[in-house]
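Data file: model34.cif. Format and content: mmCIF, C-alpha atoms, pLDDT in the B column; chains and numbers go by the auth columns.
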```
data_run
loop_
_atom_site.group_PDB
_atom_site.id
_atom_site.type_symbol
_atom_site.label_atom_id
_atom_site.label_comp_id
_atom_site.label_asym_id
_atom_site.label_seq_id
_atom_site.Cartn_x
_atom_site.Cartn_y
_atom_site.Cartn_z
_atom_site.B_iso_or_equiv
_atom_site.auth_seq_id
_atom_site.auth_asym_id
ATOM 1 C CA MET A 1 7.005 -11.334 -18.689 51.00 1 A
ATOM 2 C CA SER A 2 3.481 -11.221 -17.331 58.00 2 A
ATOM 3 C CA VAL A 3 0.719 -8.910 -18.338 67.00 3 A
ATOM 4 C CA VAL A 4 -1.258 -7.303 -15.547 67.00 4 A
ATOM 5 C CA SER A 5 -4.834 -6.544 -16.479 77.00 5 A
ATOM 6 C CA ARG A 6 -6.311 -3.134 -15.816 80.00 6 A
ATOM 7 C CA GLY A 7 -8.857 -4.694 -13.449 84.00 7 A
ATOM 8 C CA ASP A 8 -6.160 -6.385 -11.387 82.00 8 A
ATOM 9 C CA LEU A 9 -4.223 -3.136 -11.171 81.00 9 A
ATOM 10 C CA ILE A 10 -7.279 -1.186 -10.060 88.00 10 A
ATOM 11 C CA GLN A 11 -8.104 -3.866 -7.464 91.00 11 A
ATOM 12 C CA ALA A 12 -4.556 -3.730 -6.105 86.00 12 A
ATOM 13 C CA PHE A 13 -4.605 0.055 -5.711 88.00 13 A
ATOM 14 C CA VAL A 14 -8.076 0.043 -4.133 94.00 14 A
ATOM 15 C CA SER A 15 -6.907 -2.612 -1.664 94.00 15 A
ATOM 16 C CA LEU A 16 -3.815 -0.543 -0.895 92.00 16 A
ATOM 17 C CA ALA A 17 -5.893 2.593 -0.338 95.00 17 A
ATOM 18 C CA VAL A 18 -8.299 0.783 2.011 97.00 18 A
ATOM 19 C CA THR A 19 -5.387 -0.741 3.926 95.00 19 A
ATOM 20 C CA LEU A 20 -3.702 2.658 4.304 94.00 20 A
ATOM 21 C CA LEU A 21 -6.937 4.274 5.504 96.00 21 A
ATOM 22 C CA LEU A 22 -7.599 1.571 8.087 96.00 22 A
ATOM 23 C CA MET A 23 -3.990 1.484 9.251 95.00 23 A
ATOM 24 C CA GLY A 24 -3.867 5.279 9.464 93.00 24 A
ATOM 25 C CA ALA A 25 -7.105 5.355 11.410 95.00 25 A
ATOM 26 C CA ALA A 26 -5.852 2.722 13.840 95.00 26 A
ATOM 27 C CA LEU A 27 -2.506 4.464 14.336 94.00 27 A
ATOM 28 C CA PHE A 28 -3.592 8.077 14.572 94.00 28 A
ATOM 29 C CA LEU A 29 -6.896 7.644 16.387 95.00 29 A
ATOM 30 C CA SER A 30 -5.163 5.652 19.106 94.00 30 A
ATOM 31 C CA ALA A 31 -2.407 8.307 19.249 93.00 31 A
ATOM 32 C CA GLY A 32 -5.032 11.036 19.442 92.00 32 A
ATOM 33 C CA THR A 33 -3.223 13.294 16.956 92.00 33 A
ATOM 34 C CA LEU A 34 -1.947 13.497 13.395 90.00 34 A
ATOM 35 C CA GLN A 35 1.201 15.202 14.680 92.00 35 A
ATOM 36 C CA TRP A 36 3.022 11.924 15.251 91.00 36 A
ATOM 37 C CA PRO A 37 6.201 11.728 13.125 93.00 37 A
ATOM 38 C CA HIS A 38 6.857 8.034 13.751 93.00 38 A
ATOM 39 C CA GLY A 39 3.367 7.144 12.577 93.00 39 A
ATOM 40 C CA LEU A 40 3.751 9.274 9.467 93.00 40 A
ATOM 41 C CA TRP A 41 7.115 7.676 8.677 95.00 41 A
ATOM 42 C CA PHE A 42 5.659 4.215 9.174 95.00 42 A
ATOM 43 C CA VAL A 43 2.771 4.868 6.790 94.00 43 A
ATOM 44 C CA ALA A 44 5.138 6.439 4.223 95.00 44 A
ATOM 45 C CA ALA A 45 7.578 3.507 4.432 97.00 45 A
ATOM 46 C CA PHE A 46 4.733 0.995 4.161 95.00 46 A
ATOM 47 C CA LEU A 47 3.353 2.758 1.093 94.00 47 A
ATOM 48 C CA PHE A 48 6.759 3.011 -0.603 96.00 48 A
ATOM 49 C CA LEU A 49 7.728 -0.605 0.027 95.00 49 A
ATOM 50 C CA THR A 50 4.317 -1.879 -1.049 92.00 50 A
ATOM 51 C CA LEU A 51 4.534 0.036 -4.330 90.00 51 A
ATOM 52 C CA VAL A 52 8.050 -1.309 -4.931 92.00 52 A
ATOM 53 C CA ALA A 53 6.838 -4.865 -4.278 89.00 53 A
ATOM 54 C CA MET A 54 3.838 -4.401 -6.580 84.00 54 A
ATOM 55 C CA ALA A 55 6.077 -3.099 -9.375 84.00 55 A
ATOM 56 C CA TYR A 56 8.544 -5.968 -8.935 86.00 56 A
ATOM 57 C CA ARG A 57 5.829 -8.621 -8.911 81.00 57 A
ATOM 58 C CA SER A 58 4.053 -7.168 -11.924 76.00 58 A
ATOM 59 C CA ARG A 59 7.259 -7.429 -13.972 76.00 59 A
ATOM 60 C CA ASN A 60 8.668 -10.725 -12.726 69.00 60 A
ATOM 61 C CA LEU A 61 5.757 -13.127 -12.384 64.00 61 A
ATOM 62 C CA THR A 62 4.325 -15.282 -15.115 57.00 62 A
ATOM 63 C CA PRO A 63 0.568 -15.855 -15.172 58.00 63 A
ATOM 64 C CA ALA A 64 -0.568 -18.994 -13.372 54.00 64 A
#
```

Would you encode the structure as structure tokens?
Amino acid sequence: MSVVSRGDLIQAFVSLAVTLLLMGAALFLSAGTLQWPHGLWFVAAFLFLTLVAMAYRSRNLTPA
């Protein structure tokens, strides 16, 4: 079982936040509105699946 350092965890969440902001800006600025259900579902699904992948990797990878 690997140990994830606090710094690595913070870096991962900061990267995720920046990615979500840029992706949201690209999606919703080009759509011209925040009232776009498909865009909201896409961002929500991306966030959920990314968090699941991060949790899985943090528990199942050994340090290099």

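The interatomic distance for the pair CA of Arg6 in chain A and CA of Ala53 in chain A works out to 17.6 Å.
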
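We find CA of Leu16 in chain A and CA of Leu47 in chain A to be spaced 8.1 Å apart.
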
What's the separation between CA of Phe46 in chain A and CA of Leu20 in chain A, in Å to one decimal place?
8.6 Å

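Using all atoms listed in the file for every distance, the candidate list A:Tyr56, A:Phe42, A:Phe13, A:Phe48 yields A:Phe42 as the residue closest to Leu27 in chain A.
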
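With all atoms listed in the file as the basis for measurement, A:Met54 is the residue among A:Met54, A:Arg59, A:Leu40, A:Gly32 that approaches Gln11 in chain A most closely.
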
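Residue nearest Gly24 in chain A within the list A:Ala12, A:Val43, A:Gly7, A:Ser58: A:Val43 [criterion: smallest interatomic distance, all atoms listed in the file].
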